[in-house]
$ cat structure_0.csv   # CSV, C-alpha atoms
chain,number,residue,atom,x,y,z
O,391,MET,CA,4.7,17.7,32.7
O,392,SER,CA,4.9,17.1,36.5
O,393,PRO,CA,6.5,19.6,38.9
O,394,SER,CA,9.1,17.0,39.8
O,395,THR,CA,10.2,16.7,36.1
O,396,PHE,CA,10.4,20.5,35.9
O,397,TRP,CA,12.7,20.7,38.9
O,398,VAL,CA,14.9,17.8,37.8
O,399,ILE,CA,15.5,19.3,34.4
O,400,LEU,CA,16.3,22.7,35.9
O,401,LEU,CA,18.7,21.1,38.5
O,402,LEU,CA,20.5,19.2,35.7
O,403,ALA,CA,20.8,22.4,33.7
O,404,PHE,CA,22.3,24.3,36.6
O,405,LEU,CA,24.8,21.5,37.4
O,406,SER,CA,25.8,21.2,33.7
O,407,GLY,CA,26.2,25.0,33.5
O,408,LEU,CA,28.4,25.2,36.6
O,409,THR,CA,31.1,23.1,34.8
O,410,THR,CA,31.6,26.3,32.7
O,411,ILE,CA,33.1,27.9,35.8
O,412,ILE,CA,35.3,24.8,36.4
O,413,GLY,CA,36.7,25.2,32.9
O,414,VAL,CA,37.5,28.8,33.4
O,415,PHE,CA,39.1,28.1,36.8
O,416,LEU,CA,41.4,25.5,35.3
O,417,ALA,CA,42.4,28.0,32.6
O,418,VAL,CA,43.2,30.7,35.1
O,419,ASN,CA,45.2,28.4,37.4
O,420,THR,CA,47.1,26.2,35.0
O,421,ALA,CA,49.8,27.1,32.4
O,422,ARG,CA,48.6,27.7,28.9
O,423,ASN,CA,49.3,24.6,26.9
O,424,PRO,CA,48.3,24.5,23.2
O,425,ARG,CA,48.3,20.7,23.1
O,426,SER,CA,45.9,20.4,26.1
O,427,ILE,CA,43.7,23.0,24.5
O,428,ALA,CA,43.6,21.0,21.2
O,429,LEU,CA,42.9,17.8,23.2
O,430,GLY,CA,40.0,19.5,25.0
O,431,ILE,CA,38.5,21.0,21.9
O,432,GLY,CA,38.7,17.6,20.2
O,433,PHE,CA,36.9,16.0,23.1
O,434,SER,CA,34.3,18.7,23.3
O,435,THR,CA,33.7,18.6,19.5
O,436,GLY,CA,33.5,14.8,19.4
O,437,ILE,CA,31.1,14.4,22.4
O,438,MET,CA,28.7,17.0,21.0
O,439,LEU,CA,28.7,15.5,17.5
O,440,LEU,CA,28.1,12.0,18.9
O,441,ILE,CA,25.2,13.1,21.1
O,442,SER,CA,23.6,15.3,18.5
O,443,LEU,CA,23.9,12.8,15.5
O,444,PHE,CA,23.5,9.5,17.3
O,445,GLU,CA,21.1,10.4,20.1
O,446,LEU,CA,19.1,13.6,19.6
O,447,LEU,CA,18.5,13.4,15.8
O,448,PRO,CA,17.5,9.7,15.8
O,449,ALA,CA,15.1,10.4,18.8
O,450,ALA,CA,13.6,13.2,16.8
O,451,VAL,CA,13.2,11.1,13.7
O,452,PHE,CA,11.7,8.2,15.7
O,453,THR,CA,9.1,10.5,17.4
O,454,SER,CA,8.2,12.6,14.3
O,455,ASN,CA,9.4,11.8,10.8
O,456,LEU,CA,12.6,12.1,8.8
O,457,GLN,CA,11.6,15.1,6.7
O,458,GLN,CA,10.5,17.2,9.6
O,459,ALA,CA,13.4,16.2,11.8
O,460,LEU,CA,16.0,17.0,9.1
O,461,THR,CA,14.2,20.4,8.3
O,462,ALA,CA,14.4,21.3,12.0
O,463,PHE,CA,18.0,20.2,12.2
O,464,VAL,CA,19.0,22.4,9.3
O,465,ALA,CA,17.0,25.3,10.8
O,466,GLY,CA,18.9,24.9,14.1
O,467,ALA,CA,22.3,25.1,12.3
O,468,PHE,CA,21.2,28.0,10.2
O,469,PHE,CA,19.9,29.9,13.2
O,470,LEU,CA,23.2,29.6,15.0
O,471,LEU,CA,25.0,30.6,11.8
O,472,ILE,CA,23.0,33.8,11.8
O,473,LEU,CA,23.6,34.5,15.5
O,474,ASN,CA,27.4,34.0,15.0
O,475,TRP,CA,27.3,36.4,12.1
O,476,ILE,CA,25.4,39.1,14.0
O,477,ILE,CA,26.8,38.9,17.5
O,478,PRO,CA,30.4,39.8,18.3
O,479,HIS,CA,32.0,37.2,20.5
O,480,THR,CA,35.1,35.2,21.3
O,481,HIS,CA,35.8,31.5,20.7
O,482,LEU,CA,39.5,31.0,20.2
O,483,PHE,CA,39.8,34.3,18.4
O,484,GLN,CA,37.6,37.3,18.2
O,485,GLU,CA,34.8,37.4,15.7
O,486,THR,CA,33.6,40.9,15.0
O,487,GLY,CA,30.0,40.3,14.1
O,488,ARG,CA,27.8,43.0,12.7
O,489,MET,CA,27.4,44.8,16.0
O,490,ASN,CA,30.0,47.3,17.3
O,491,HIS,CA,32.4,45.1,19.3
O,492,ARG,CA,34.4,48.1,20.4
O,493,LEU,CA,31.6,48.9,22.9
O,494,ILE,CA,31.9,45.5,24.6
O,495,ARG,CA,34.8,44.6,26.9
O,496,SER,CA,36.9,41.6,26.0
O,497,ALA,CA,35.7,39.4,28.8
O,498,TYR,CA,32.1,40.0,27.8
O,499,LEU,CA,33.0,38.9,24.3
O,500,VAL,CA,34.0,35.7,25.9
O,501,ALA,CA,30.6,35.6,27.8
O,502,LEU,CA,28.7,36.1,24.5
O,503,GLY,CA,30.7,33.3,22.9
O,504,LEU,CA,30.0,31.0,25.8
O,505,ILE,CA,26.3,31.9,25.9
O,506,LEU,CA,26.0,31.0,22.2
O,507,HIS,CA,27.3,27.6,23.2
O,508,ASP,CA,25.4,27.0,26.4
O,509,PHE,CA,21.9,28.3,25.6
O,510,PRO,CA,21.2,25.7,22.9
O,511,GLU,CA,22.7,23.0,25.1
O,512,GLY,CA,20.2,23.8,27.9
O,513,PHE,CA,17.4,23.8,25.4
O,514,SER,CA,18.4,20.4,24.0
O,515,MET,CA,18.8,18.9,27.5
O,516,ALA,CA,15.3,19.9,28.5
O,517,ASN,CA,13.7,18.6,25.3
O,518,SER,CA,15.7,15.4,25.4
O,519,PHE,CA,14.6,14.7,29.0
O,520,LEU,CA,11.0,15.3,28.1
O,521,THR,CA,11.4,12.8,25.2
O,522,GLU,CA,13.0,10.2,27.5
O,523,SER,CA,14.5,10.7,30.9
O,524,SER,CA,17.5,8.4,30.2
O,525,LEU,CA,18.3,10.4,27.1
O,526,GLY,CA,18.0,13.6,29.1
O,527,LEU,CA,20.4,12.3,31.7
O,528,MET,CA,22.9,11.2,29.0
O,529,VAL,CA,22.8,14.6,27.3
O,530,ALA,CA,23.2,16.4,30.7
O,531,ILE,CA,26.3,14.3,31.6
O,532,ALA,CA,27.8,14.8,28.1
O,533,ILE,CA,27.2,18.5,28.2
O,534,ALA,CA,28.8,18.7,31.7
O,535,LEU,CA,31.9,16.8,30.5
O,536,HIS,CA,32.0,18.8,27.3
O,537,ASN,CA,31.8,22.2,29.1
O,538,ILE,CA,35.0,21.8,31.1
O,539,PRO,CA,37.6,21.4,28.3
O,540,GLU,CA,35.6,23.7,26.0
O,541,GLU,CA,35.5,26.6,28.5
O,542,PHE,CA,39.1,26.0,29.3
O,543,ALA,CA,40.0,26.3,25.7
O,544,ILE,CA,38.0,29.5,25.2
O,545,ALA,CA,39.3,31.2,28.3
O,546,ALA,CA,42.9,30.2,28.1
O,547,PRO,CA,44.0,32.7,25.5
O,548,LEU,CA,42.5,35.5,27.5
O,549,VAL,CA,44.1,34.6,30.8
O,550,LEU,CA,47.1,36.6,29.6
O,551,LEU,CA,44.9,39.7,29.8
O,552,LYS,CA,45.1,39.3,33.6
O,553,LYS,CA,41.4,40.1,34.0
O,554,LYS,CA,40.5,37.0,36.1
O,555,ARG,CA,37.6,38.7,37.8
O,556,LEU,CA,36.0,39.6,34.5
O,557,LEU,CA,36.6,36.1,33.2
O,558,TYR,CA,34.8,34.6,36.2
O,559,GLN,CA,32.0,37.0,35.7
O,560,ALA,CA,31.7,36.0,32.1
O,561,ALA,CA,31.8,32.3,33.1
O,562,PHE,CA,29.0,32.9,35.7
O,563,ILE,CA,26.8,34.6,33.1
O,564,SER,CA,27.5,31.8,30.7
O,565,ALA,CA,26.7,29.2,33.3
O,566,MET,CA,23.3,30.8,33.8
O,567,ALA,CA,22.6,30.6,30.0
O,568,GLU,CA,22.2,26.8,30.3
O,569,PRO,CA,19.3,26.8,32.8
O,570,ALA,CA,17.9,29.8,30.8
O,571,GLY,CA,18.0,27.6,27.7
O,572,ALA,CA,16.4,24.8,29.6
O,573,LEU,CA,13.6,27.1,30.8
O,574,MET,CA,13.0,28.2,27.2
O,575,GLY,CA,12.9,24.5,26.1
O,576,LEU,CA,10.3,23.8,28.9
O,577,TYR,CA,8.3,26.8,27.9
O,578,ALA,CA,8.3,25.7,24.2
O,579,ALA,CA,7.2,22.2,25.2
O,580,TYR,CA,4.5,23.7,27.4
O,581,LEU,CA,3.1,25.6,24.4
O,582,SER,CA,3.1,22.4,22.3
O,583,LEU,CA,4.3,19.0,23.4
O,584,THR,CA,3.9,17.7,19.8
O,585,LEU,CA,6.7,20.0,18.7
O,586,VAL,CA,9.2,18.6,21.2
O,587,PRO,CA,10.8,16.2,18.6
O,588,LEU,CA,11.3,19.2,16.3
O,589,PHE,CA,12.8,21.2,19.1
O,590,LEU,CA,15.1,18.3,19.8
O,591,SER,CA,16.3,18.2,16.2
O,592,PHE,CA,16.6,22.0,16.1
O,593,ALA,CA,18.9,21.9,19.1
O,594,ALA,CA,20.9,19.1,17.6
O,595,GLY,CA,21.5,21.1,14.5
O,596,ALA,CA,22.6,24.1,16.6
O,597,MET,CA,25.1,22.0,18.5
O,598,VAL,CA,26.5,20.4,15.4
O,599,PHE,CA,27.1,23.8,14.0
O,600,ILE,CA,28.8,24.9,17.1
O,601,SER,CA,31.1,21.8,17.1
O,602,VAL,CA,32.1,22.1,13.5
O,603,HIS,CA,32.5,25.9,13.7
O,604,GLU,CA,35.3,25.3,16.2
O,605,LEU,CA,37.4,23.2,13.9
O,606,VAL,CA,38.5,26.2,11.8
O,607,PRO,CA,39.8,28.4,14.7
O,608,LEU,CA,41.4,25.4,16.3
O,609,ALA,CA,43.4,24.5,13.1
O,610,ARG,CA,44.2,28.2,12.6
O,611,ARG,CA,45.5,28.9,16.1
O,612,TYR,CA,47.0,25.7,17.4
O,613,GLY,CA,47.4,23.3,14.5
O,614,SER,CA,47.7,20.2,16.7
O,615,THR,CA,45.8,17.9,14.4
O,616,GLN,CA,47.0,14.6,16.0
O,617,VAL,CA,46.1,15.8,19.5
O,618,PHE,CA,42.8,17.1,18.3
O,619,ILE,CA,42.0,13.6,16.8
O,620,LEU,CA,43.1,12.0,20.1
O,621,GLY,CA,40.5,14.2,21.9
O,622,ILE,CA,37.8,13.0,19.5
O,623,MET,CA,38.9,9.3,20.1
O,624,LEU,CA,38.6,10.0,23.8
O,625,SER,CA,35.1,11.4,23.3
O,626,ILE,CA,34.1,8.2,21.5
O,627,LEU,CA,35.3,6.1,24.5
O,628,ILE,CA,33.3,8.2,26.9
O,629,TYR,CA,30.2,8.2,24.7
O,630,THR,CA,30.4,4.4,24.4
O,631,PHE,CA,30.7,4.1,28.2
O,632,LEU,CA,27.7,6.3,28.7
O,633,SER,CA,25.7,4.4,26.1
O,634,VAL,CA,26.5,1.0,27.8
O,635,PHE,CA,26.1,2.0,31.5
O,636,LEU,CA,23.3,4.5,31.5
O,637,PRO,CA,19.8,2.9,31.7

$ encode --input "structure_0.csv" --output "structure tokens"
Amino acid sequence: MSPSTFWVILLLAFLSGLTTIIGVFLAVNTARNPRSIALGIGFSTGIMLLISLFELLPAAVFTSNLQQALTAFVAGAFFLLILNWIIPHTHLFQETGRMNHRLIRSAYLVALGLILHDFPEGFSMANSFLTESSLGLMVAIAIALHNIPEEFAIAAPLVLLKKKRLLYQAAFISAMAEPAGALMGLYAAYLSLTLVPLFLSFAAGAMVFISVHELVPLARRYGSTQVFILGIMLSILIYTFLSVFLP
């Protein structure tokens, strides 16, 4: 891996991560609207499922084999399942986890929830870029687009706590999780380039778990099924556009 590739990947991870702060800014400065939240989560879920299932997983299968790619995919989903079970965090509602959440301030529960999202995204972006630069660019753009409505949706219910400074701190910590994930992906690739396809599939499984995991809290809290589906349809249009116009 050349130094230029390293810095391009890190720059893309930083830029994608910064959209986390944009999402929180919109949540703090706009009225809370359940329909817009449902639309945003629908878009975020759709774009991540499309990228994971139609870009990352096929690339992993093509460069390794089906059995290994599927095993890594399941391992990625299971790994995130365990982390979600252990670590207290906030998505659209608070999930206690096995650790003592009473010792953690509410805004940092948000940060932990965002980090659980952003770290595997950075990891996947790094490994997708190492697999093929055009794939890495598509994943970086998709993550950036996905982060804005997702972070808006996660932060919006907590804006009423009137702790804007803490929310911005949480957003900044989360934004740094994406380049941290990219660095981890680069380090893993440095240890063994032959494992990059498996890392790619592992990250795809993690992101699919994150996307599906958000359907339940969305339905439970907002129940805007039609708007949610509209958000998914919008993500299909954006994904199609990226597929056609990116090299």

$ residues_near_point --input "structure_0.csv" --point "(23.7, 12.0, 21.1)" --cutoff "12 Å" --atoms "only C-alpha atoms" --output "number ranges by chain"
O: 436-450, 511, 514-515, 518, 524-533, 590-591, 593-595, 597-598, 625-626, 628-630, 632-633

$ atom_distance --input "structure_0.csv" --atom1 "CA of Ala459 (chain O)" --atom2 "CA of Thr584 (chain O)"
12.5 Å

$ atom_distance --input "structure_0.csv" --atom1 "CA of Phe415 (chain O)" --atom2 "CA of Leu401 (chain O)"
21.6 Å

$ residues_near_point --input "structure_0.csv" --point "(38.9, 12.4, 27.6)" --cutoff "10 Å" --atoms "all atoms listed in the file" --output "PyMOL selection string"
chain O and resi 429-430+432-434+437+535-536+539+620-628

$ atom_distance --input "structure_0.csv" --atom1 "CA of Ala578 (chain O)" --atom2 "CA of Leu400 (chain O)"
14.5 Å

$ closest_residue --input "structure_0.csv" --among "O:Thr395, O:Asn537, O:Ala465, O:Asn517" --to "Leu416 (chain O)" --atoms "all atoms listed in the file"
O:Asn537
